[in-house]
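Asks: Below is the file work-v7.tsv, with TSV, C-alpha atoms.
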```
chain	number	residue	atom	x	y	z
A	1	GLY	CA	135.50	58.21	138.16
A	2	GLU	CA	132.33	56.31	137.40
A	3	ASP	CA	132.49	53.46	134.87
A	4	ASP	CA	128.87	53.94	133.76
A	5	ILE	CA	128.23	57.56	132.73
A	6	ASP	CA	124.74	58.61	131.62
A	7	THR	CA	125.03	60.53	128.34
A	8	THR	CA	121.60	59.62	126.99
A	9	THR	CA	119.43	62.63	126.17
A	10	PRO	CA	115.84	62.60	127.49
A	11	THR	CA	113.06	62.80	124.92
A	12	LEU	CA	109.78	64.64	124.69
A	13	LYS	CA	106.76	64.21	122.47
A	14	ILE	CA	103.63	66.28	121.93
A	15	ILE	CA	100.99	63.54	122.06
A	16	SER	CA	98.13	65.92	121.24
A	17	SER	CA	97.36	69.62	121.14
A	18	THR	CA	94.40	71.94	120.70
A	19	PRO	CA	94.76	73.55	118.25
A	20	SER	CA	96.75	71.14	116.09
A	21	PRO	CA	99.81	72.52	114.29
A	22	VAL	CA	99.56	73.54	110.63
A	23	SER	CA	102.06	74.51	107.95
A	24	ASP	CA	102.33	78.25	107.37
A	25	GLU	CA	104.78	80.93	106.28
A	26	VAL	CA	106.82	82.46	109.10
A	27	CYS	CA	109.48	85.12	108.52
A	28	GLY	CA	109.67	84.37	104.80
A	29	ALA	CA	110.01	80.58	105.11
A	30	THR	CA	107.60	77.65	105.47
A	31	ASP	CA	107.25	76.41	109.05
A	32	PRO	CA	105.62	72.94	109.33
A	33	SER	CA	104.52	73.37	112.96
A	34	VAL	CA	102.56	76.57	113.55
A	35	PHE	CA	99.91	76.83	116.26
A	36	LYS	CA	97.25	79.49	115.53
A	37	LEU	CA	95.52	81.04	118.54
A	38	LYS	CA	93.40	84.10	119.38
A	39	GLY	CA	93.43	86.27	122.46
A	40	GLY	CA	91.42	84.54	125.20
A	41	ASP	CA	91.97	81.03	123.78
A	42	SER	CA	93.42	78.15	125.80
A	43	PHE	CA	96.39	76.25	124.35
A	44	ASN	CA	95.90	72.63	125.49
A	45	LEU	CA	98.82	70.19	125.41
A	46	ASN	CA	99.40	66.55	126.31
A	47	LEU	CA	103.15	65.98	126.66
A	48	GLU	CA	105.18	62.82	127.21
A	49	PHE	CA	108.70	62.90	128.69
A	50	THR	CA	110.99	59.86	128.84
A	51	ASP	CA	114.55	59.09	129.96
A	52	ASN	CA	116.66	55.96	130.31
A	53	ASP	CA	117.44	56.69	133.98
A	54	ALA	CA	115.73	59.62	135.72
A	55	LEU	CA	113.88	62.75	134.62
A	56	SER	CA	114.45	66.03	136.46
A	57	GLN	CA	112.62	69.08	134.97
A	58	TYR	CA	110.87	70.42	131.91
A	59	LYS	CA	110.61	74.02	130.77
A	60	ILE	CA	107.98	75.78	128.66
A	61	ASP	CA	109.02	79.10	127.13
A	62	ILE	CA	106.81	81.43	125.07
A	63	HIS	CA	108.18	84.79	123.92
A	64	ASN	CA	107.64	87.07	120.94
A	65	ASN	CA	109.43	86.56	117.64
A	66	PHE	CA	108.45	89.93	116.18
A	67	ASP	CA	112.02	90.47	114.94
A	68	CYS	CA	112.35	87.00	113.29
A	69	HIS	CA	115.28	85.96	115.47
A	70	GLY	CA	116.45	82.35	115.64
A	71	HIS	CA	117.59	79.80	118.21
A	72	GLY	CA	120.64	77.56	118.00
A	73	GLY	CA	121.18	76.18	114.52
A	74	SER	CA	118.09	78.00	113.27
A	75	ALA	CA	119.47	81.45	114.10
A	76	ALA	CA	118.56	83.98	111.45
A	77	PRO	CA	119.24	87.64	110.72
A	78	SER	CA	116.78	89.78	112.64
A	79	VAL	CA	115.55	93.37	112.63
A	80	SER	CA	115.01	95.25	115.88
A	81	ILE	CA	111.50	96.72	115.82
A	82	PRO	CA	111.30	100.32	117.10
A	83	SER	CA	109.49	100.45	120.44
A	84	THR	CA	106.04	101.98	120.96
A	85	ASP	CA	103.85	102.72	123.99
A	86	ASN	CA	101.42	99.86	123.42
A	87	THR	CA	98.42	98.82	125.52
A	88	THR	CA	98.23	95.25	124.23
A	89	THR	CA	99.86	92.36	126.12
A	90	ASP	CA	102.86	90.45	124.77
A	91	TRP	CA	102.41	86.74	125.59
A	92	VAL	CA	105.23	85.62	127.90
A	93	VAL	CA	105.53	82.22	129.60
A	94	LEU	CA	108.60	80.89	131.41
A	95	ASP	CA	107.61	77.86	133.45
A	96	ILE	CA	109.96	75.22	134.95
A	97	THR	CA	108.37	72.13	136.52
A	98	ASP	CA	109.96	69.22	138.39
A	99	ILE	CA	109.26	65.69	137.13
A	100	THR	CA	110.51	62.27	138.27
A	101	GLY	CA	110.86	58.68	137.10
A	102	THR	CA	111.72	57.46	133.62
A	103	SER	CA	108.41	58.43	131.99
A	104	GLU	CA	105.83	61.09	132.75
A	105	ASN	CA	102.70	62.22	130.93
A	106	VAL	CA	101.66	65.84	131.50
A	107	ASP	CA	98.57	67.87	130.57
A	108	ARG	CA	99.09	71.65	130.29
A	109	ASN	CA	96.65	74.46	129.54
A	110	LEU	CA	98.22	77.80	128.61
A	111	ASP	CA	95.87	80.80	128.38
A	112	VAL	CA	96.47	83.44	125.70
A	113	PRO	CA	96.15	87.01	127.08
A	114	PRO	CA	92.72	88.38	126.01
A	115	ASN	CA	94.24	91.55	124.51
A	116	VAL	CA	97.29	89.78	123.10
A	117	THR	CA	99.74	91.61	120.88
A	118	ALA	CA	99.32	90.06	117.44
A	119	GLY	CA	102.25	88.37	115.75
A	120	ASN	CA	104.64	85.44	115.77
A	121	TYR	CA	105.82	83.88	119.02
A	122	HIS	CA	108.41	81.21	119.74
A	123	PHE	CA	107.10	78.25	121.74
A	124	SER	CA	109.77	75.90	123.08
A	125	ILE	CA	109.73	72.83	125.31
A	126	GLN	CA	112.92	71.51	126.92
A	127	VAL	CA	113.43	68.53	129.24
A	128	VAL	CA	116.43	67.76	131.48
A	129	ASP	CA	117.37	64.48	133.17
A	130	ALA	CA	118.86	64.05	136.65
A	131	VAL	CA	122.48	64.42	135.50
A	132	GLY	CA	121.86	67.45	133.27
A	133	ASN	CA	121.42	65.95	129.80
A	134	ASP	CA	118.84	68.05	127.98
A	135	SER	CA	116.71	67.86	124.88
A	136	PRO	CA	117.90	69.62	121.70
A	137	LEU	CA	116.91	73.13	120.69
A	138	SER	CA	115.00	71.66	117.74
A	139	ASN	CA	111.89	71.63	119.96
A	140	VAL	CA	111.12	75.25	119.06
A	141	PHE	CA	107.77	75.88	117.39
A	142	THR	CA	105.83	78.94	116.22
A	143	ILE	CA	102.61	80.37	117.63
A	144	LYS	CA	100.70	82.87	115.51
A	145	ALA	CA	98.61	84.98	117.86
A	146	GLU	CA	95.64	87.02	116.66
A	147	ASN	CA	94.12	89.92	118.57
A	148	PRO	CA	90.33	89.33	118.62
A	149	SER	CA	89.54	93.02	118.08
A	150	ASP	CA	91.37	93.28	114.74
A	151	ASN	CA	92.76	90.54	112.49
A	152	GLN	CA	93.33	92.57	109.33
A	153	ALA	CA	96.78	93.88	108.48
A	154	PRO	CA	97.30	97.45	107.27
A	155	THR	CA	98.46	98.25	103.74
A	156	ILE	CA	101.25	100.50	102.49
A	157	GLU	CA	100.97	102.62	99.35
A	158	LEU	CA	104.32	104.02	98.23
A	159	ASN	CA	104.24	106.93	95.76
A	160	GLU	CA	107.95	107.82	95.94
A	161	PRO	CA	110.62	106.68	95.22
A	162	SER	CA	110.49	104.42	92.18
A	163	ASN	CA	112.34	101.09	92.17
A	164	GLY	CA	115.89	100.63	90.89
A	165	LEU	CA	117.78	103.53	92.43
A	166	SER	CA	121.50	104.17	91.93
A	167	LEU	CA	122.89	106.80	94.31
A	168	ALA	CA	126.08	107.84	96.05
A	169	LYS	CA	126.77	107.85	99.78
A	170	GLY	CA	125.46	110.98	101.43
A	171	GLU	CA	122.59	111.44	98.96
A	172	SER	CA	119.00	111.50	100.21
A	173	ILE	CA	115.95	109.50	99.18
A	174	ARG	CA	112.44	110.86	99.68
A	175	PHE	CA	109.69	108.44	100.80
A	176	VAL	CA	106.09	109.55	100.24
A	177	GLY	CA	102.97	107.45	100.70
A	178	GLN	CA	100.19	106.30	102.99
A	179	VAL	CA	99.43	103.52	105.50
A	180	SER	CA	95.76	102.46	105.62
A	181	ASP	CA	93.81	100.08	107.85
A	182	ASN	CA	90.25	98.94	108.60
A	183	HIS	CA	90.51	100.19	112.21
A	184	SER	CA	92.16	103.19	113.80
A	185	LEU	CA	95.90	102.75	113.41
A	186	SER	CA	96.41	104.12	116.93
A	187	MET	CA	94.16	101.54	118.65
A	188	GLY	CA	96.39	99.39	120.86
A	189	GLY	CA	99.45	101.59	120.58
A	190	ASN	CA	101.66	99.35	118.42
A	191	GLY	CA	101.12	101.36	115.23
A	192	ILE	CA	104.28	102.46	113.45
A	193	VAL	CA	105.83	102.91	110.01
A	194	TYR	CA	109.60	102.53	109.76
A	195	LEU	CA	112.41	101.99	107.28
A	196	SER	CA	114.87	99.12	107.33
A	197	TYR	CA	117.33	97.83	104.75
A	198	THR	CA	118.87	94.52	103.68
A	199	ASP	CA	122.44	94.05	102.46
A	200	LEU	CA	121.84	91.77	99.46
A	201	SER	CA	125.43	90.47	99.58
A	202	THR	CA	125.01	89.04	103.09
A	203	GLY	CA	121.26	88.86	103.69
A	204	ASN	CA	121.64	90.84	106.93
A	205	SER	CA	118.95	93.40	107.73
A	206	PHE	CA	119.11	96.57	109.80
A	207	THR	CA	116.72	99.24	111.01
A	208	THR	CA	117.34	102.92	110.23
A	209	ASP	CA	116.59	105.98	112.35
A	210	GLN	CA	113.48	106.65	110.25
A	211	ALA	CA	110.63	105.41	112.49
A	212	PHE	CA	107.26	107.11	113.01
A	213	PRO	CA	104.88	105.77	115.71
A	214	PHE	CA	101.22	106.61	115.13
A	215	GLY	CA	99.95	109.11	117.70
A	216	SER	CA	96.58	108.88	119.43
A	217	ASN	CA	95.06	111.28	116.89
A	218	VAL	CA	95.74	108.95	113.92
A	219	ASP	CA	92.63	107.25	112.54
A	220	LYS	CA	92.49	104.80	109.62
A	221	THR	CA	95.12	106.47	107.43
A	222	TYR	CA	98.59	107.90	108.00
A	223	ASP	CA	100.41	109.99	105.39
A	224	PHE	CA	104.20	109.82	105.53
A	225	ASP	CA	106.77	112.04	103.87
A	226	PHE	CA	110.40	111.75	105.00
A	227	ASN	CA	113.95	111.72	103.67
A	228	TYR	CA	116.56	109.02	104.27
A	229	THR	CA	120.22	109.92	103.82
A	230	ILE	CA	122.50	107.10	102.68
A	231	PRO	CA	125.20	106.76	105.38
A	232	ASN	CA	128.76	107.64	104.39
A	233	THR	CA	129.91	104.63	106.40
A	234	ILE	CA	127.96	102.08	104.35
A	235	THR	CA	129.81	99.73	101.97
A	236	SER	CA	129.20	100.24	98.26
A	237	GLY	CA	126.98	97.54	96.80
A	238	ASN	CA	123.39	96.41	96.35
A	239	TYR	CA	120.74	96.94	99.03
A	240	ARG	CA	116.99	96.60	99.46
A	241	LEU	CA	115.19	99.40	101.31
A	242	ASN	CA	112.18	98.02	103.16
A	243	LEU	CA	109.20	100.10	104.26
A	244	ASN	CA	107.45	98.36	107.17
A	245	ALA	CA	104.23	99.14	109.04
A	246	ASN	CA	102.28	97.70	111.98
A	247	ASP	CA	98.75	98.64	113.01
A	248	GLY	CA	97.70	99.31	116.60
A	249	VAL	CA	97.46	95.66	117.69
A	250	ARG	CA	100.61	94.82	115.69
A	251	ASN	CA	99.19	93.21	112.57
A	252	VAL	CA	102.03	93.50	110.06
A	253	ALA	CA	101.65	95.02	106.59
A	254	ASN	CA	103.22	93.44	103.53
A	255	VAL	CA	106.63	95.05	103.16
A	256	VAL	CA	107.13	97.46	100.27
A	257	SER	CA	110.71	97.37	98.98
A	258	VAL	CA	112.94	99.48	96.72
A	259	ASP	CA	116.24	98.17	95.33
A	260	LEU	CA	119.21	100.50	95.70
A	261	GLU	CA	122.73	100.42	94.33
A	262	VAL	CA	125.13	102.43	96.50
A	263	LEU	CA	127.98	103.77	94.37
```
Can you give me the file's structure in the form of C-alpha coordinates?
Replies:
Amino acid sequence: GEDDIDTTTPTLKIISSTPSPVSDEVCGATDPSVFKLKGGDSFNLNLEFTDNDALSQYKIDIHNNFDCHGHGGSAAPSVSIPSTDNTTTDWVVLDITDITGTSENVDRNLDVPPNVTAGNYHFSIQVVDAVGNDSPLSNVFTIKAENPSDNQAPTIELNEPSNGLSLAKGESIRFVGQVSDNHSLSMGGNGIVYLSYTDLSTGNSFTTDQAFPFGSNVDKTYDFDFNYTIPNTITSGNYRLNLNANDGVRNVANVVSVDLEVL
(Lines of atoms letter the chains of each structure in order from A and count residues from 1; the text may use other names and numbers.)
(Lines give C-alpha, C1' and ligand atoms only; values in the text may rest on other atoms or scores of the structure.)
Protein backbone atom coordinates (compact mmCIF):
# COMPACT_ATOMS: atom_id res chain seq x y z
CA GLY A 1 0.00 0.00 0.00
CA GLU A 2 2.47 2.77 0.68
CA ASP A 3 3.73 4.85 -2.25
CA ASP A 4 7.09 5.56 -0.61
CA ILE A 5 8.79 2.31 0.47
CA ASP A 6 12.15 2.44 2.26
CA THR A 7 14.52 0.00 0.56
CA THR A 8 17.74 1.86 1.38
CA THR A 9 20.26 -0.23 3.31
CA PRO A 10 21.83 1.36 6.41
CA THR A 11 25.60 1.75 6.43
CA LEU A 12 28.32 1.25 9.00
CA LYS A 13 31.91 2.36 9.16
CA ILE A 14 34.78 1.54 11.51
CA ILE A 15 36.13 5.04 12.16
CA SER A 16 39.04 3.78 14.27
CA SER A 17 40.19 0.67 16.10
CA THR A 18 42.89 -0.42 18.51
CA PRO A 19 44.60 -2.46 17.22
CA SER A 20 44.38 -1.39 13.59
CA PRO A 21 43.71 -4.10 11.00
CA VAL A 22 46.60 -5.60 9.03
CA SER A 23 46.88 -7.89 6.02
CA ASP A 24 47.64 -11.51 6.89
CA GLU A 25 47.09 -15.05 5.68
CA VAL A 26 43.91 -16.69 6.95
CA CYS A 27 42.85 -20.21 5.95
CA GLY A 28 45.23 -20.26 2.98
CA ALA A 29 44.22 -16.88 1.52
CA THR A 30 45.22 -13.25 2.12
CA ASP A 31 42.78 -11.35 4.32
CA PRO A 32 43.21 -7.53 4.17
CA SER A 33 41.48 -6.86 7.52
CA VAL A 34 42.90 -8.95 10.36
CA PHE A 35 42.88 -7.72 13.96
CA LYS A 36 45.63 -9.28 16.11
CA LEU A 37 44.94 -9.52 19.85
CA LYS A 38 46.28 -11.36 22.90
CA GLY A 39 44.40 -12.80 25.85
CA GLY A 40 43.63 -9.99 28.30
CA ASP A 41 43.73 -7.25 25.63
CA SER A 42 40.89 -4.80 25.02
CA PHE A 43 39.57 -4.42 21.46
CA ASN A 44 38.58 -0.75 21.15
CA LEU A 45 36.25 0.38 18.36
CA ASN A 46 34.69 3.64 17.22
CA LEU A 47 31.75 2.84 14.94
CA GLU A 48 29.48 5.07 12.86
CA PHE A 49 26.01 3.96 11.74
CA THR A 50 23.86 5.90 9.27
CA ASP A 51 20.49 5.49 7.56
CA ASN A 52 18.32 7.62 5.30
CA ASP A 53 15.30 7.33 7.62
CA ALA A 54 15.69 5.60 11.00
CA LEU A 55 18.21 3.24 12.59
CA SER A 56 16.99 0.37 14.77
CA GLN A 57 19.75 -2.00 16.04
CA TYR A 58 23.32 -3.12 15.53
CA LYS A 59 24.82 -6.51 16.30
CA ILE A 60 28.40 -7.52 17.13
CA ASP A 61 29.22 -11.21 16.72
CA ILE A 62 32.55 -12.88 17.56
CA HIS A 63 32.89 -16.65 17.22
CA ASN A 64 35.69 -19.06 16.38
CA ASN A 65 36.68 -19.86 12.81
CA PHE A 66 38.88 -22.83 13.71
CA ASP A 67 37.34 -24.87 10.87
CA CYS A 68 37.77 -22.13 8.20
CA HIS A 69 34.05 -21.87 7.49
CA GLY A 70 32.58 -18.99 5.50
CA HIS A 71 29.62 -16.63 5.59
CA GLY A 72 27.32 -15.75 2.70
CA GLY A 73 29.19 -15.32 -0.56
CA SER A 74 32.48 -16.06 1.18
CA ALA A 75 31.43 -19.56 2.24
CA ALA A 76 34.30 -22.01 1.94
CA PRO A 77 34.87 -25.73 2.44
CA SER A 78 35.54 -26.42 6.10
CA VAL A 79 36.93 -29.23 8.23
CA SER A 80 35.29 -30.17 11.52
CA ILE A 81 37.99 -30.22 14.21
CA PRO A 82 37.75 -33.20 16.60
CA SER A 83 36.69 -32.03 20.06
CA THR A 84 38.94 -32.06 23.12
CA ASP A 85 38.45 -31.37 26.84
CA ASN A 86 40.13 -27.97 26.84
CA THR A 87 40.60 -25.54 29.73
CA THR A 88 41.11 -22.44 27.58
CA THR A 89 38.24 -20.07 26.77
CA ASP A 90 36.81 -19.69 23.26
CA TRP A 91 36.01 -16.00 22.66
CA VAL A 92 32.26 -15.60 22.09
CA VAL A 93 30.37 -12.31 21.77
CA LEU A 94 26.77 -11.91 20.62
CA ASP A 95 25.58 -8.42 21.46
CA ILE A 96 22.51 -6.62 20.03
CA THR A 97 22.07 -2.92 20.90
CA ASP A 98 19.22 -0.53 20.08
CA ILE A 99 20.09 2.72 18.29
CA THR A 100 17.92 5.58 16.99
CA GLY A 101 17.98 8.51 14.58
CA THR A 102 19.65 8.67 11.19
CA SER A 103 23.24 8.73 12.47
CA GLU A 104 24.89 7.40 15.60
CA ASN A 105 28.51 7.20 16.71
CA VAL A 106 29.36 4.39 19.13
CA ASP A 107 32.46 3.51 21.18
CA ARG A 108 32.85 -0.17 22.12
CA ASN A 109 35.47 -1.96 24.19
CA LEU A 110 35.53 -5.75 23.87
CA ASP A 111 37.76 -7.66 26.31
CA VAL A 112 39.60 -10.77 25.12
CA PRO A 113 39.38 -13.65 27.64
CA PRO A 114 42.71 -13.82 29.54
CA ASN A 115 43.17 -17.54 28.79
CA VAL A 116 41.78 -17.32 25.27
CA THR A 117 41.89 -20.29 22.94
CA ALA A 118 44.38 -19.34 20.24
CA GLY A 119 43.28 -19.19 16.62
CA ASN A 120 41.17 -17.41 14.03
CA TYR A 121 37.84 -15.84 14.95
CA HIS A 122 35.14 -14.23 12.82
CA PHE A 123 34.22 -10.69 13.87
CA SER A 124 31.08 -9.30 12.24
CA ILE A 125 29.10 -6.09 12.62
CA GLN A 126 25.56 -5.78 11.26
CA VAL A 127 23.14 -2.83 11.38
CA VAL A 128 19.36 -2.84 10.79
CA ASP A 129 17.05 0.10 10.11
CA ALA A 130 13.50 0.57 11.43
CA VAL A 131 11.84 -1.31 8.55
CA GLY A 132 14.28 -4.24 8.57
CA ASN A 133 16.81 -3.34 5.87
CA ASP A 134 20.18 -4.63 7.02
CA SER A 135 23.82 -4.22 6.11
CA PRO A 136 25.48 -6.84 3.87
CA LEU A 137 27.39 -9.85 5.14
CA SER A 138 30.57 -8.33 3.72
CA ASN A 139 31.18 -6.75 7.14
CA VAL A 140 32.87 -9.92 8.39
CA PHE A 141 36.47 -9.56 9.54
CA THR A 142 39.08 -11.84 11.11
CA ILE A 143 40.55 -11.70 14.60
CA LYS A 144 43.74 -13.65 15.29
CA ALA A 145 43.84 -14.37 19.00
CA GLU A 146 47.05 -15.34 20.79
CA ASN A 147 47.19 -17.08 24.15
CA PRO A 148 49.71 -15.13 26.29
CA SER A 149 51.17 -18.30 27.83
CA ASP A 150 52.27 -19.82 24.50
CA ASN A 151 52.49 -18.23 21.04
CA GLN A 152 54.61 -20.87 19.30
CA ALA A 153 53.00 -23.49 17.10
CA PRO A 154 54.00 -27.15 17.32
CA THR A 155 55.79 -28.95 14.48
CA ILE A 156 55.05 -32.26 12.77
CA GLU A 157 57.76 -34.65 11.61
CA LEU A 158 56.41 -37.37 9.32
CA ASN A 159 58.62 -40.44 8.79
CA GLU A 160 56.04 -42.58 6.98
CA PRO A 161 54.52 -42.67 4.41
CA SER A 162 56.42 -41.10 1.52
CA ASN A 163 54.65 -38.76 -0.91
CA GLY A 164 53.01 -39.89 -4.15
CA LEU A 165 51.03 -42.96 -3.13
CA SER A 166 48.89 -45.00 -5.51
CA LEU A 167 46.63 -47.49 -3.71
CA ALA A 168 43.33 -49.31 -4.07
CA LYS A 169 40.23 -48.90 -1.92
CA GLY A 170 40.44 -50.97 1.23
CA GLU A 171 44.24 -50.77 1.46
CA SER A 172 45.87 -49.27 4.55
CA ILE A 173 48.44 -46.50 4.94
CA ARG A 174 50.72 -46.35 7.97
CA PHE A 175 51.50 -42.92 9.49
CA VAL A 176 54.56 -42.70 11.75
CA GLY A 177 56.11 -39.55 13.17
CA GLN A 178 56.27 -37.06 16.01
CA VAL A 179 54.64 -33.79 17.13
CA SER A 180 56.95 -31.44 19.06
CA ASP A 181 56.41 -28.16 20.88
CA ASN A 182 58.19 -25.66 23.14
CA HIS A 183 55.66 -26.24 25.95
CA SER A 184 53.82 -29.31 27.19
CA LEU A 185 51.43 -30.36 24.45
CA SER A 186 48.80 -31.16 27.09
CA MET A 187 48.78 -27.67 28.66
CA GLY A 188 45.37 -26.14 27.99
CA GLY A 189 43.74 -29.33 26.76
CA ASN A 190 43.40 -28.50 23.05
CA GLY A 191 46.31 -30.70 21.96
CA ILE A 192 45.51 -33.19 19.22
CA VAL A 193 46.92 -34.79 16.08
CA TYR A 194 44.41 -35.90 13.44
CA LEU A 195 44.12 -36.89 9.80
CA SER A 196 41.95 -35.18 7.21
CA TYR A 197 41.87 -35.37 3.43
CA THR A 198 41.07 -33.12 0.48
CA ASP A 199 39.37 -34.24 -2.74
CA LEU A 200 41.56 -32.48 -5.32
CA SER A 201 38.79 -32.60 -7.94
CA THR A 202 36.40 -30.51 -5.82
CA GLY A 203 38.57 -28.85 -3.17
CA ASN A 204 36.32 -30.21 -0.41
CA SER A 205 38.00 -31.40 2.78
CA PHE A 206 36.90 -33.98 5.32
CA THR A 207 38.10 -35.31 8.66
CA THR A 208 38.75 -39.03 9.16
CA ASP A 209 38.22 -41.16 12.26
CA GLN A 210 41.96 -41.00 12.99
CA ALA A 211 42.20 -38.41 15.80
CA PHE A 212 44.43 -38.61 18.88
CA PRO A 213 43.99 -36.03 21.69
CA PHE A 214 47.07 -35.54 23.86
CA GLY A 215 46.52 -36.88 27.37
CA SER A 216 47.61 -35.11 30.55
CA ASN A 217 50.81 -37.20 30.66
CA VAL A 218 52.08 -35.86 27.30
CA ASP A 219 54.97 -33.41 27.60
CA LYS A 220 56.76 -31.65 24.72
CA THR A 221 56.71 -34.54 22.24
CA TYR A 222 54.10 -37.02 21.06
CA ASP A 223 54.96 -40.07 18.95
CA PHE A 224 52.20 -41.30 16.66
CA ASP A 225 51.90 -44.57 14.78
CA PHE A 226 48.54 -45.45 13.22
CA ASN A 227 46.99 -46.97 10.12
CA TYR A 228 44.36 -45.38 7.89
CA THR A 229 42.26 -47.63 5.68
CA ILE A 230 41.06 -46.11 2.41
CA PRO A 231 37.23 -46.32 2.47
CA ASN A 232 35.57 -48.62 -0.05
CA THR A 233 32.92 -45.94 -0.54
CA ILE A 234 35.36 -43.26 -1.73
CA THR A 235 35.40 -42.24 -5.42
CA SER A 236 38.50 -43.14 -7.40
CA GLY A 237 40.69 -40.11 -8.08
CA ASN A 238 43.34 -37.84 -6.62
CA TYR A 239 43.38 -36.86 -2.95
CA ARG A 240 45.64 -35.08 -0.47
CA LEU A 241 46.00 -36.64 2.98
CA ASN A 242 46.60 -33.92 5.57
CA LEU A 243 48.20 -34.52 8.96
CA ASN A 244 47.13 -31.76 11.37
CA ALA A 245 48.17 -30.95 14.94
CA ASN A 246 47.26 -28.38 17.60
CA ASP A 247 49.12 -27.74 20.84
CA GLY A 248 47.43 -27.32 24.21
CA VAL A 249 46.31 -23.71 23.71
CA ARG A 250 45.39 -24.47 20.08
CA ASN A 251 48.34 -23.04 18.18
CA VAL A 252 48.17 -24.81 14.81
CA ALA A 253 51.10 -26.67 13.24
CA ASN A 254 51.92 -26.37 9.56
CA VAL A 255 50.04 -29.16 7.84
CA VAL A 256 52.07 -32.07 6.47
CA SER A 257 50.47 -33.55 3.35
CA VAL A 258 50.80 -36.70 1.24
CA ASP A 259 49.29 -36.98 -2.25
CA LEU A 260 47.30 -40.13 -2.93
CA GLU A 261 45.80 -41.61 -6.06
CA VAL A 262 42.90 -43.94 -5.26
CA LEU A 263 42.60 -46.60 -7.96
Asks: For the atom pair CA of Lys169 in chain A and CA of Val256 in chain A, what is the interatomic distance in Å to one decimal place?
Replies: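 That distance, rounded to one decimal, is 22.2 Å.
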Asks: Grab the CA of Tyr194 in chain A to CA of Val252 in chain A distance for me, in Å with one decimal place.
Replies: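 Value for the CA of Tyr194 in chain A-CA of Val252 in chain A distance: 11.8 Å.
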Asks: Just the number, please: distance in Å from CA of Asp181 in chain A to CA of Gln152 in chain A, one decimal.
Replies: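 These atoms are spaced 7.7 Å apart.
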Asks: Under the rule that only C-alpha atoms are counted, which of A:Ile15, A:Leu260, A:Leu158, A:Leu165 is the nearest residue to Asn244 in chain A?
Replies: A:Leu158
Asks: Have a look at A:Val34, A:Leu55, A:Ile99, A:Ala211 and name the one nearest to Tyr121 in chain A; count only C-alpha atoms.
Replies: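 Among the listed residues, A:Val34 lies closest to Tyr121 in chain A.
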Asks: Counting only C-alpha atoms, select every polymer residue within 10 Å of (104.5, 62.3, 120.1) as defined in the file's coordinates, and provide the selection as a PyMOL selection string.
Replies: chain A and resi 11-16+46-49
Asks: Given all atoms listed in the file as the basis, pick out the residue of A:Leu185, A:Ile156, A:Val22, A:Val262 nearest to Gly237 in chain A.
Replies: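 Nearest candidate to Gly237 in chain A out of A:Leu185, A:Ile156, A:Val22, A:Val262: A:Val262.
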Asks: For each of A:Leu167, A:Leu195, A:Val176, A:Leu200, take the minimum atom-to-atom distance to Glu261 in chain A, counting all atoms listed in the file, then give the residue where this is smallest.
Replies: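 Smallest separation from Glu261 in chain A among the options: A:Leu167.
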Asks: Pull the closest atom pair for each residue of range 134-216 of chain A that gets at most 12 Å from range 106-114 of chain A, along with the distance in Å to one decimal, counting all atoms listed in the file, ordering rows by chain and then ascending residue number, as CSV.
Replies:
```
residue,atom,partner,partner_atom,distance
A:Ile143,CA,A:Val112,CA,10.6
A:Lys144,CA,A:Val112,CA,11.0
A:Ala145,CA,A:Val112,CA,8.3
A:Glu146,CA,A:Val112,CA,9.8
A:Asn147,CA,A:Pro114,CA,7.7
A:Pro148,CA,A:Pro114,CA,7.8
A:Ser149,CA,A:Pro114,CA,9.7
```
Asks: Rank nothing, just name the residue among A:Asn163, A:Thr155, A:Thr208, A:Ser257 nearest to Ala245 in chain A, using all atoms listed in the file.
Replies: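 Of the candidates, the smallest distance to Ala245 in chain A is held by A:Thr155.
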Asks: For each of A:Asn182, A:Asn120, A:Gln126, A:Ser236, take the minimum atom-to-atom distance to Asp219 in chain A, counting only C-alpha atoms, then give the residue where this is smallest.
Replies: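 Selected residue with least distance to Asp219 in chain A: A:Asn182.
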